[in-house]
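J.: The structure file structure-v7.cif (mmCIF, C-alpha atoms) is provided below.
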```
data_input
loop_
_atom_site.label_atom_id
_atom_site.label_comp_id
_atom_site.auth_asym_id
_atom_site.auth_seq_id
_atom_site.Cartn_x
_atom_site.Cartn_y
_atom_site.Cartn_z
CA MET A 248 -4.10 -23.05 20.12
CA THR A 249 -0.55 -22.92 21.48
CA THR A 250 0.49 -21.65 24.92
CA LYS A 251 4.06 -21.16 26.06
CA LEU A 252 5.08 -19.93 29.51
CA ILE A 253 8.46 -18.24 29.75
CA ASP A 254 10.60 -17.90 32.87
CA HIS A 255 12.56 -14.65 33.17
CA SER A 256 14.85 -13.81 36.06
CA VAL A 257 15.02 -10.04 35.46
CA PRO A 258 11.76 -8.36 36.51
CA LEU A 259 10.65 -5.70 34.03
CA ILE A 260 7.07 -4.95 33.01
CA ARG A 261 5.44 -8.38 32.91
CA ALA A 262 3.43 -8.98 29.76
CA VAL A 263 1.40 -11.53 27.84
CA VAL A 264 1.44 -11.50 24.02
CA ILE A 265 -1.63 -12.72 22.13
CA HIS A 266 -1.89 -13.17 18.38
CA PRO A 267 -5.47 -13.40 17.03
CA ASP A 268 -5.22 -15.84 14.13
CA GLY A 269 -7.60 -15.59 11.17
CA ARG A 270 -7.93 -11.80 11.19
CA SER A 271 -5.47 -11.07 8.39
CA ASP A 272 -5.23 -12.02 4.73
CA SER A 273 -1.45 -12.36 5.07
CA PRO A 274 -0.04 -15.74 3.97
CA ARG A 275 2.39 -15.67 6.90
CA LEU A 276 2.23 -18.47 9.44
CA ALA A 277 0.54 -17.64 12.73
CA GLU A 278 3.62 -18.88 14.63
CA GLU A 279 5.85 -16.47 12.72
CA ARG A 280 3.49 -13.56 13.35
CA LEU A 281 3.37 -14.41 17.06
CA GLN A 282 7.16 -14.47 17.30
CA GLU A 283 7.30 -11.12 15.53
CA ALA A 284 4.87 -9.70 18.10
CA VAL A 285 7.06 -11.12 20.89
CA GLY A 286 10.04 -9.42 19.22
CA LEU A 287 8.17 -6.12 19.14
CA ALA A 288 7.37 -6.49 22.84
CA ALA A 289 11.03 -7.23 23.55
CA ALA A 290 12.00 -4.11 21.61
CA LEU A 291 9.84 -2.20 24.10
CA ASP A 292 11.64 -3.89 27.03
CA LEU A 293 8.59 -5.89 28.09
CA ASP A 294 9.16 -9.09 30.04
CA VAL A 295 7.05 -11.57 28.04
CA ARG A 296 5.80 -14.18 30.52
CA ALA A 297 3.37 -15.95 28.20
CA GLU A 298 2.49 -16.01 24.52
CA GLU A 299 -0.51 -17.51 22.81
CA ILE A 300 -2.18 -17.91 19.41
CA VAL A 301 -5.96 -17.57 19.56
CA ARG A 302 -8.10 -18.59 16.60
CA VAL A 303 -10.77 -15.95 15.92
CA ARG A 304 -13.58 -17.37 13.79
CA LYS A 305 -16.00 -14.52 14.42
CA THR A 306 -15.09 -11.07 15.69
CA ALA A 307 -16.91 -9.88 18.81
CA PRO A 308 -17.53 -6.12 18.39
CA ALA A 309 -17.15 -5.42 22.11
CA THR A 310 -14.05 -7.48 22.93
CA LEU A 311 -12.70 -8.98 19.66
CA PHE A 312 -12.66 -12.43 21.30
CA GLY A 313 -15.72 -14.35 22.45
CA SER A 314 -16.75 -14.08 26.09
CA GLY A 315 -15.51 -17.58 26.93
CA LYS A 316 -12.11 -16.90 25.41
CA VAL A 317 -11.87 -13.55 27.24
CA GLU A 318 -12.37 -15.39 30.56
CA GLU A 319 -9.87 -18.07 29.61
CA LEU A 320 -7.28 -15.44 28.72
CA ALA A 321 -7.99 -13.60 31.98
CA ALA A 322 -6.88 -16.74 33.82
CA LEU A 323 -3.68 -16.81 31.76
CA VAL A 324 -3.03 -13.13 32.53
CA ARG A 325 -3.48 -13.78 36.27
CA ALA A 326 -1.22 -16.86 36.16
CA ALA A 327 1.52 -14.84 34.45
CA GLU A 328 0.99 -11.95 36.91
CA ALA A 329 0.98 -9.74 33.83
CA GLU A 330 0.84 -5.97 34.07
CA ALA A 331 0.18 -5.58 30.34
CA VAL A 332 -1.29 -7.58 27.48
CA VAL A 333 -0.15 -7.06 23.88
CA VAL A 334 -2.84 -7.95 21.34
CA ASP A 335 -1.18 -8.39 17.94
CA ASP A 336 -4.02 -6.75 16.03
CA GLN A 337 -5.70 -3.40 15.71
CA LEU A 338 -8.29 -2.88 18.44
CA THR A 339 -11.14 -0.40 18.42
CA PRO A 340 -11.21 2.01 21.39
CA VAL A 341 -14.22 0.15 22.83
CA GLN A 342 -12.51 -3.25 22.51
CA GLN A 343 -9.37 -1.94 24.18
CA ARG A 344 -11.32 -0.47 27.09
CA ASN A 345 -13.46 -3.60 27.63
CA LEU A 346 -10.45 -5.92 27.56
CA GLU A 347 -8.65 -3.73 30.10
CA LYS A 348 -11.67 -4.07 32.40
CA ALA A 349 -11.91 -7.83 31.90
CA TRP A 350 -8.20 -8.50 32.38
CA GLU A 351 -7.58 -5.72 34.95
CA CYS A 352 -4.36 -4.56 33.26
CA LYS A 353 -3.09 -2.35 30.49
CA VAL A 354 -3.94 -3.54 26.95
CA ILE A 355 -1.77 -2.46 23.99
CA ASP A 356 -2.73 -3.20 20.40
CA ARG A 357 -0.30 -3.66 17.50
CA THR A 358 -0.56 -0.04 16.36
CA GLY A 359 0.04 1.34 19.84
CA LEU A 360 3.00 -1.01 20.34
CA ILE A 361 4.72 0.05 17.11
CA LEU A 362 4.06 3.73 17.81
CA GLU A 363 5.61 3.37 21.27
CA ILE A 364 8.72 1.75 19.79
CA PHE A 365 9.00 4.47 17.16
CA GLY A 366 8.60 7.11 19.87
CA ARG A 367 11.56 5.67 21.80
CA ARG A 368 13.84 5.17 18.79
CA ALA A 369 13.39 8.43 16.87
CA ARG A 370 16.50 10.58 17.31
CA THR A 371 16.33 13.40 14.76
CA LYS A 372 13.91 16.31 14.97
CA GLU A 373 12.22 15.08 11.79
CA GLY A 374 11.80 11.57 13.19
CA ARG A 375 10.32 12.86 16.44
CA LEU A 376 7.89 15.10 14.56
CA GLN A 377 6.75 12.22 12.37
CA VAL A 378 6.24 9.88 15.32
CA GLU A 379 4.37 12.50 17.34
CA LEU A 380 2.04 13.19 14.42
CA ALA A 381 1.30 9.48 14.02
CA ARG A 382 0.74 9.09 17.76
CA LEU A 383 -1.69 12.03 17.93
CA ASP A 384 -3.59 10.71 14.92
CA TYR A 385 -3.90 7.38 16.73
CA GLU A 386 -4.82 8.90 20.12
CA ARG A 387 -7.48 11.06 18.54
CA SER A 388 -9.47 7.90 17.81
CA ARG A 389 -8.87 6.64 21.36
CA LEU A 390 -10.86 9.62 22.69
CA VAL A 391 -14.04 8.37 21.05
CA ARG A 392 -16.37 6.76 23.60
CA THR A 393 -13.44 5.46 25.62
CA TRP A 394 -12.38 7.88 28.32
CA THR A 395 -15.68 8.35 30.18
CA HIS A 396 -13.89 10.26 32.94
CA LEU A 397 -13.34 13.03 30.37
CA GLU A 398 -17.02 13.52 29.67
CA ARG A 399 -17.55 15.97 32.51
CA GLN A 400 -18.51 19.43 31.37
CA ARG A 401 -16.40 22.39 32.36
CA GLY A 402 -17.27 26.04 32.34
CA GLY A 403 -14.97 29.03 32.11
CA THR A 404 -13.71 31.02 29.19
CA GLY A 405 -10.56 31.47 27.15
CA SER A 406 -8.02 28.65 27.04
CA THR A 407 -9.94 26.50 29.52
CA GLY A 408 -12.77 25.91 27.04
CA GLY A 409 -16.05 27.52 26.20
CA PRO A 410 -19.24 27.44 28.28
CA GLY A 411 -20.43 23.92 28.71
CA GLU A 412 -17.53 22.46 26.70
CA THR A 413 -16.70 18.94 27.82
CA GLN A 414 -13.17 17.89 28.68
CA ILE A 415 -13.21 15.32 25.88
CA GLU A 416 -14.17 18.01 23.34
CA LEU A 417 -11.38 20.24 24.63
CA ASP A 418 -8.85 17.43 24.32
CA ARG A 419 -10.03 16.67 20.79
CA ARG A 420 -9.59 20.32 19.86
CA LEU A 421 -6.11 20.52 21.45
CA ILE A 422 -5.04 17.40 19.57
CA ALA A 423 -6.45 18.75 16.30
CA ASP A 424 -4.59 22.05 16.80
CA ARG A 425 -1.35 20.22 17.55
CA ILE A 426 -1.78 18.03 14.46
CA VAL A 427 -2.18 21.13 12.30
CA ARG A 428 1.06 22.60 13.72
CA LEU A 429 2.98 19.34 13.27
CA LYS A 430 1.84 19.00 9.67
CA ALA A 431 3.04 22.54 8.99
CA GLU A 432 6.45 21.73 10.51
CA LEU A 433 6.69 18.51 8.49
CA GLU A 434 5.76 20.39 5.34
CA GLU A 435 8.75 22.64 6.02
CA VAL A 436 10.90 19.51 6.45
CA ARG A 437 9.56 18.24 3.12
CA ARG A 438 10.38 21.56 1.47
CA THR A 439 13.91 21.46 2.90
CA ARG A 440 14.36 17.91 1.63
CA GLY A 441 13.28 19.09 -1.80
CA LEU A 442 15.93 21.81 -1.73
CA HIS A 443 18.55 19.26 -0.67
CA ARG A 444 17.54 17.00 -3.57
CA LYS A 445 17.88 19.90 -6.01
CA ALA A 446 21.32 20.65 -4.58
CA ARG A 447 22.33 17.01 -5.04
CA GLN A 448 21.15 17.13 -8.64
CA LYS A 449 23.71 19.89 -9.26
CA VAL A 450 26.33 17.40 -8.08
CA PRO A 451 24.65 14.55 -9.91
CA PHE A 452 25.52 11.49 -7.89
CA PRO A 453 23.01 8.67 -8.33
CA THR A 454 21.05 7.74 -5.19
CA VAL A 455 20.51 4.23 -3.83
CA ALA A 456 17.86 3.61 -1.13
CA LEU A 457 17.92 0.61 1.17
CA VAL A 458 14.49 -0.76 2.07
CA GLY A 459 13.40 -4.00 3.65
CA TYR A 460 11.47 -5.73 6.36
CA THR A 461 12.57 -4.69 9.81
CA ASN A 462 15.54 -6.73 11.06
CA ALA A 463 16.46 -7.88 7.53
CA GLY A 464 19.96 -6.43 8.00
CA LYS A 465 19.67 -3.08 6.20
CA SER A 466 21.81 -1.13 8.65
CA THR A 467 24.47 -3.85 8.75
CA LEU A 468 24.63 -3.80 4.95
CA PHE A 469 24.69 0.00 4.98
CA ASN A 470 27.69 -0.09 7.32
CA ARG A 471 29.41 -2.70 5.14
CA LEU A 472 28.91 -0.64 1.96
CA THR A 473 29.84 2.74 3.42
CA GLY A 474 32.27 1.96 6.24
CA SER A 475 29.93 3.78 8.64
CA GLU A 476 28.91 2.81 12.15
CA VAL A 477 25.14 3.26 12.04
CA PHE A 478 23.51 1.49 14.99
CA ALA A 479 22.75 -2.09 13.93
CA LYS A 480 21.39 -4.74 16.27
CA ASP A 481 19.34 -7.94 16.10
CA LEU A 482 16.27 -5.98 17.14
CA LEU A 483 13.05 -4.94 15.44
CA PHE A 484 13.17 -1.26 14.38
CA ALA A 485 16.74 -0.81 15.68
CA THR A 486 17.05 2.33 13.54
CA LEU A 487 14.38 4.77 12.41
CA ASP A 488 16.04 7.92 11.12
CA THR A 489 17.24 8.07 7.53
CA THR A 490 21.03 8.16 7.20
CA GLN A 491 22.89 9.06 4.00
CA ARG A 492 26.50 8.44 3.03
CA THR A 493 28.55 8.66 -0.16
CA ILE A 494 30.20 5.46 -1.40
CA ARG A 495 32.63 4.60 -4.19
CA LEU A 496 31.55 1.99 -6.69
CA PRO A 497 33.86 0.06 -9.06
CA GLN A 498 35.90 2.31 -11.38
CA GLY A 499 35.46 5.18 -8.95
CA ARG A 500 31.80 6.04 -9.57
CA PRO A 501 30.37 7.83 -6.49
CA ALA A 502 26.80 7.27 -5.28
CA ILE A 503 24.70 8.33 -2.32
CA VAL A 504 23.26 5.49 -0.21
CA ALA A 505 20.31 6.08 2.13
CA ASP A 506 19.31 3.72 4.94
CA THR A 507 15.57 4.07 5.62
CA VAL A 508 13.09 2.89 8.24
CA GLY A 509 12.26 -0.82 8.23
CA PHE A 510 8.86 -1.99 7.05
CA ILE A 511 6.57 -4.47 8.76
CA SER A 512 3.32 -6.25 7.98
CA ASP A 513 0.17 -4.27 8.79
CA LEU A 514 2.27 -1.13 9.26
CA PRO A 515 -0.10 1.42 10.84
CA HIS A 516 -1.46 3.77 8.19
CA GLU A 517 -0.71 6.67 10.56
CA LEU A 518 3.00 5.86 10.27
CA VAL A 519 2.98 5.44 6.50
CA GLU A 520 1.41 8.89 6.16
CA SER A 521 3.59 10.54 8.82
CA PHE A 522 6.82 9.12 7.38
CA ARG A 523 5.94 10.30 3.89
CA ALA A 524 8.72 12.90 4.03
CA THR A 525 11.27 10.16 4.75
CA LEU A 526 9.80 7.69 2.28
CA GLU A 527 10.01 10.31 -0.48
CA GLU A 528 13.74 9.52 -0.50
CA VAL A 529 12.79 6.06 -1.71
CA GLY A 530 10.57 7.46 -4.46
CA GLU A 531 13.39 9.73 -5.65
CA ALA A 532 16.08 7.03 -5.66
CA ASP A 533 17.75 5.91 -8.89
CA LEU A 534 17.91 2.37 -7.50
CA ILE A 535 16.12 0.65 -4.61
CA LEU A 536 17.90 -2.17 -2.81
CA HIS A 537 15.24 -4.44 -1.32
CA VAL A 538 17.12 -6.21 1.49
CA ARG A 539 15.60 -9.59 2.36
CA ASP A 540 16.37 -11.98 5.20
CA ILE A 541 16.69 -14.96 2.89
CA ALA A 542 17.27 -17.31 5.84
CA SER A 543 13.85 -16.56 7.33
CA PRO A 544 11.13 -19.14 6.59
CA ASP A 545 8.84 -16.12 6.18
CA THR A 546 11.00 -14.36 3.58
CA GLU A 547 8.47 -14.54 0.73
CA ALA A 548 5.62 -13.12 2.81
CA GLN A 549 7.89 -10.41 4.21
CA ALA A 550 8.88 -9.46 0.65
CA LYS A 551 5.22 -9.06 -0.30
CA ASP A 552 4.66 -6.80 2.73
CA VAL A 553 7.58 -4.59 1.66
CA GLU A 554 6.31 -4.45 -1.92
CA ALA A 555 2.88 -3.41 -0.62
CA VAL A 556 4.42 -0.41 1.17
CA LEU A 557 6.54 0.46 -1.87
CA ASP A 558 3.37 0.57 -3.94
CA GLN A 559 2.12 3.36 -1.66
CA ILE A 560 5.20 5.53 -2.37
CA PRO A 561 4.79 7.58 -5.56
CA ALA A 562 7.69 7.45 -8.01
CA VAL A 563 9.01 10.56 -9.73
CA GLU A 564 7.10 11.31 -12.90
CA GLY A 565 8.91 10.00 -15.95
CA LYS A 566 11.31 7.92 -13.84
CA THR A 567 11.35 4.13 -14.02
CA ARG A 568 11.54 2.50 -10.59
CA ARG A 569 14.40 0.01 -10.49
CA VAL A 570 14.56 -2.54 -7.68
CA LEU A 571 17.43 -4.93 -6.94
CA GLU A 572 16.76 -7.63 -4.35
CA VAL A 573 19.60 -8.27 -1.91
CA TRP A 574 19.28 -11.74 -0.39
CA ASN A 575 20.99 -11.21 2.95
CA LYS A 576 22.06 -13.60 5.75
CA ILE A 577 23.27 -16.42 3.49
CA ASP A 578 25.71 -17.24 6.32
CA LEU A 579 22.72 -18.59 8.29
CA LEU A 580 21.66 -21.10 5.62
CA ASP A 581 22.46 -24.81 5.81
CA GLU A 582 24.68 -26.24 3.09
CA ASP A 583 21.92 -27.51 0.79
CA ALA A 584 19.78 -24.37 1.03
CA ARG A 585 22.85 -22.20 0.56
CA GLU A 586 23.86 -23.99 -2.66
CA THR A 587 20.33 -23.64 -4.06
CA ILE A 588 20.03 -19.95 -3.13
CA LEU A 589 23.48 -19.04 -4.49
CA GLY A 590 22.77 -20.76 -7.81
CA HIS A 591 19.40 -19.05 -8.19
CA ALA A 592 20.85 -15.66 -7.19
CA GLU A 593 23.68 -15.95 -9.69
CA ARG A 594 21.22 -16.47 -12.53
CA LEU A 595 19.15 -13.49 -11.38
CA ARG A 596 22.26 -11.31 -10.91
CA ALA A 597 23.02 -11.66 -14.61
CA GLN A 598 19.59 -10.09 -15.21
CA GLY A 599 20.15 -7.34 -12.63
CA LYS A 600 17.42 -8.70 -10.34
CA ALA A 601 19.04 -10.22 -7.24
CA VAL A 602 22.36 -10.64 -5.42
CA ALA A 603 23.07 -13.01 -2.51
CA VAL A 604 25.19 -11.57 0.32
CA SER A 605 26.08 -11.80 3.96
CA ALA A 606 26.30 -8.26 5.29
CA TRP A 607 27.72 -9.73 8.51
CA THR A 608 30.71 -11.53 6.92
CA GLY A 609 31.04 -9.40 3.77
CA GLU A 610 30.49 -12.33 1.39
CA GLY A 611 28.94 -11.21 -1.90
CA VAL A 612 29.32 -7.47 -1.20
CA ASP A 613 31.83 -6.88 -4.02
CA PRO A 614 29.51 -8.47 -6.64
CA LEU A 615 26.73 -6.33 -5.15
CA ARG A 616 28.78 -3.18 -5.71
CA GLU A 617 29.42 -4.21 -9.32
CA THR A 618 25.73 -4.89 -9.90
CA ILE A 619 24.74 -1.54 -8.37
CA ALA A 620 27.22 0.23 -10.65
CA SER A 621 25.88 -1.53 -13.74
CA LEU A 622 22.25 -0.66 -12.90
CA ILE A 623 22.80 3.05 -12.22
CA ASP A 624 25.33 3.46 -14.99
CA ASP A 625 23.05 4.91 -17.64
CA ASP A 626 24.88 8.23 -18.18
CA PRO A 627 26.29 8.81 -21.67
CA GLU A 628 29.95 8.04 -22.34
CA SER A 629 32.42 10.82 -23.13
CA GLU A 630 36.03 10.50 -24.29
CA PHE A 631 38.87 12.75 -23.13
CA THR A 632 42.54 13.08 -24.03
CA LEU A 633 44.58 14.55 -21.19
CA GLU A 634 48.11 15.83 -21.23
CA PRO A 635 50.56 14.49 -18.62
CA GLN A 636 50.26 17.70 -16.55
CA GLN A 637 46.46 17.44 -16.34
CA GLY A 638 46.41 15.19 -13.29
CA GLU A 639 43.82 17.38 -11.57
CA ALA A 640 41.38 16.92 -14.48
CA LEU A 641 41.91 13.15 -14.41
CA ALA A 642 41.25 13.04 -10.66
CA TRP A 643 38.09 15.13 -11.17
CA LEU A 644 36.78 12.66 -13.74
CA TYR A 645 37.35 9.75 -11.34
CA ALA A 646 35.62 11.65 -8.53
CA ASN A 647 32.56 12.71 -10.53
CA GLY A 648 32.02 9.99 -13.11
CA ARG A 649 32.72 6.36 -13.84
CA VAL A 650 35.86 5.65 -15.82
CA THR A 651 35.16 2.70 -18.12
CA GLY A 652 38.37 2.82 -20.17
CA ARG A 653 41.87 4.25 -19.79
CA GLU A 654 44.99 4.05 -21.96
CA THR A 655 48.27 5.93 -22.05
CA ASP A 656 49.97 6.54 -25.42
CA ASP A 657 53.70 6.72 -26.24
CA GLU A 658 53.73 10.50 -25.67
CA GLY A 659 52.38 10.19 -22.14
CA ARG A 660 48.87 11.40 -22.89
CA THR A 661 45.99 9.65 -21.15
CA HIS A 662 42.93 8.65 -23.14
CA VAL A 663 39.94 8.01 -20.88
CA THR A 664 36.34 7.00 -21.51
CA VAL A 665 34.02 8.22 -18.76
CA ARG A 666 30.30 7.95 -18.07
CA LEU A 667 29.25 11.44 -16.96
CA HIS A 668 25.90 12.97 -16.16
CA PRO A 669 25.24 15.84 -18.61
CA ALA A 670 25.35 18.36 -15.73
CA ALA A 671 28.73 17.00 -14.63
CA LEU A 672 30.01 17.18 -18.21
CA GLY A 673 29.06 20.85 -18.33
CA ARG A 674 30.90 21.52 -15.09
CA TYR A 675 33.99 19.73 -16.40
CA GLU A 676 33.99 21.77 -19.59
CA ARG A 677 33.71 25.02 -17.63
CA GLN A 678 36.47 24.06 -15.20
CA PHE A 679 39.00 22.48 -17.56
CA SER A 680 40.05 23.50 -21.04
CA ALA A 681 40.77 20.00 -22.30
CA GLY A 682 37.90 18.20 -24.05
#
```
In structure tokens, what does this structure look like?
T.:
Amino acid sequence: MTTKLIDHSVPLIRAVVIHPDGRSDSPRLAEERLQEAVGLAAALDLDVRAEEIVRVRKTAPATLFGSGKVEELAALVRAAEAEAVVVDDQLTPVQQRNLEKAWECKVIDRTGLILEIFGRRARTKEGRLQVELARLDYERSRLVRTWTHLERQRGGTGSTGGPGETQIELDRRLIADRIVRLKAELEEVRRTRGLHRKARQKVPFPTVALVGYTNAGKSTLFNRLTGSEVFAKDLLFATLDTTQRTIRLPQGRPAIVADTVGFISDLPHELVESFRATLEEVGEADLILHVRDIASPDTEAQAKDVEAVLDQIPAVEGKTRRVLEVWNKIDLLDEDARETILGHAERLRAQGKAVAVSAWTGEGVDPLRETIASLIDDDPESEFTLEPQQGEALAWLYANGRVTGRETDDEGRTHVTVRLHPAALGRYERQFSAG
């Protein structure tokens, strides 16, 4: 068991973070999971005064921890003058209530903590809808045998509840009604996304989705690839809402890149379900870039957590899911580790499996672009001979396909070989007479 007291000069909401060790099948080290929980608390602007790993050999149904450990932790909470305790695990409503009584402060479990962060960070209407749906789904379970002050019966008719209906029953019904409305609104969002995807298919640019463990550097890489200024910070769940931009790959091939929400171990199932509309972008993508923090000692376990979430996202029928690992943050490696990683990545890059980069410095980004182009470049090749005055047609080919060969003959005609999606080829033939 490890205890660490932290001195902070800026008073915020004082908190203690506790990680129950032995409750998960994850291969990740308990120390790494504790630090992640501390990072989540920091993302919620909590002032973490103490942090502790507690070994749980046998789960106590009423309090999760044994009675002796609950008393010991109560002393730690008092010493830290904590106003909240973050338990890095999923608590039942009864456990949460009993721990709040024992420690005389607010208790937040891992699911509640992540939901609160998502609630603060969501910016788009879709993001807010998804977070609210997940929160209501979570709070619905908190009503069960927890809020005894809601068990009073109330009379009246109409919107105030039926005869003898208890307040807790009314709240359950209101939450259920709100969930139904939110699901209907999200279904409309899903339908709109489907229409947008069909529209993109008419302008057949391949799509590339960035996924990865939270804080792996997805948004920084997205900005590096697209020249955008999406918010990127060394913070867990710095961005939530999906952002899409068009980029130019080598030889002029355009592609759409989407930056998606970061994943995390034990991601609440409420969020996976609620963010299904967003995660469908991943399932539809022609290529998935799995961004990994290769400098983290936990990188392998984090990768497995991401893969577990990806397995929950259905792929398009008849479409092969292609994943390219992007080993980010090589600038943080020491010399020996860097040499080993770069050598291994170079061998895997030849197979289209991995590329080592530093999104922060830009190192390796050009080889990444080339690898992306090679993996999404499965459109058939077409050959065109253009007269000198057909500059507009040549520019169109560069804008809508990937030019793989170009020569100019003695008479000034340009012979180009271009990879074009069949739909784009049809548009070219309708728009230009040359072919």
J.: May I ask for the distance between atom CA of A:Asp626 and atom CA of A:Leu536, given in Å to one decimal place?
T.: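 Going from atom CA of A:Asp626 over to atom CA of A:Leu536 covers 19.8 Å.
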J.: Tell me, as a PyMOL selection string, which residues lie within 12 Å of A:Phe469, counting all atoms listed in the file; anything in the same chain fewer than 4 positions away does not count.
T.: chain A and resi 455-458+463-465+473-479+486+489-494+503-507+536+538+573+575+605-607+609+612+616
J.: Please, what distance in Å, to one decimal, runs between atom CA of A:Tyr675 and atom CA of A:Ala640?
T.: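 Separation between atom CA of A:Tyr675 and atom CA of A:Ala640: 8.1 Å.
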J.: Near A:Leu323, counting only C-alpha atoms, which residues have an atom at most 10 Å away, once you skip same-chain residues fewer than 2 positions from it, shown as a VMD selection string?
T.: chain A and resid 250 252 263 296 to 299 317 to 321 325 to 329 350
J.: Excluding A:Thr358 and its own-chain neighbours fewer than 3 positions away, which residues fall within 9 Å of it when counting only C-alpha atoms? Please give them as a list in words.
T.: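 The filter keeps Asp335, Asp336, Gln337, Leu338, Ile355, Ile361, Leu362, Glu363, Tyr385, Asp513, Leu514, Pro515 and Glu517 of chain A.
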J.: Assuming the chain letters and numbering stay as they are in my file, what does the PyMOL selection byres ((chain A and resi 635) around 9) actually select? List them as number ranges by chain.
T.: A: 633-634, 636-638, 658-661
J.: Return as a PyMOL selection string the set of residues that the PyMOL selection byres ((chain A and resi 280-291) around 8) yields on the displayed structure.
T.: chain A and resi 264-266+275-279+292-295+298-300+333+335+357+360-361+363-364+482-484
J.: If the PyMOL selection byres ((chain A and resi 602) around 7) is run on the structure shown, which residues does it catch, given as a list of chain:residue names?
T.: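 Selection result, ordered by chain and number: A:Glu572, A:Val573, A:Trp574, A:Ala592, A:Glu593, A:Arg596, A:Ala601, A:Ala603, A:Val604, A:Leu615.
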J.: Which is closer to A:Glu330 than all the others in A:Asp552, A:Asp581, A:Asp533, A:Glu347, using all atoms listed in the file?
T.: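 Ranking A:Asp552, A:Asp581, A:Asp533, A:Glu347 by distance to A:Glu330, first place goes to A:Glu347.
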J.: At what distance in Å, to one decimal, does atom CA of A:Val553 lie from atom CA of A:Lys372?
T.: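 We find that atom CA of A:Lys372 and atom CA of A:Val553 lie 25.6 Å from each other.
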J.: Show me, as number ranges by chain, the residues that have an atom within 9 Å of A:Ser512 when counting only C-alpha atoms, minus same-chain residues fewer than 4 positions from it.
T.: A: 273, 460, 548-549, 551-553
J.: Which of these residues is nearest to A:Pro501, using all atoms listed in the file: A:Val303, A:Ala381, A:Ile260, A:Ile619?
T.: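 Closest residue, counting all atoms listed in the file: A:Ile619.
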J.: Can you list, as a PyMOL selection string, every protein, DNA or RNA residue that comes within 12 Å of A:Leu346 when you count all atoms listed in the file, leaving out same-chain residues fewer than 3 positions away?
T.: chain A and resi 307-314+316-318+320-321+324+331-334+338-343+349-356+393
J.: Which is closer to A:Ser621 than all the others in A:Asn462, A:Leu595, A:Ala532, A:Pro497, using only C-alpha atoms?
T.: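 Distance minimum relative to A:Ser621 lands on A:Pro497.
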J.: Which residue gives the smallest distance to A:Tyr645 among A:Leu259, A:Leu496, A:Leu472, A:Ala562, with only C-alpha atoms counted?
T.: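 When distances to A:Tyr645 are compared using only C-alpha atoms, the smallest one comes from A:Leu496.
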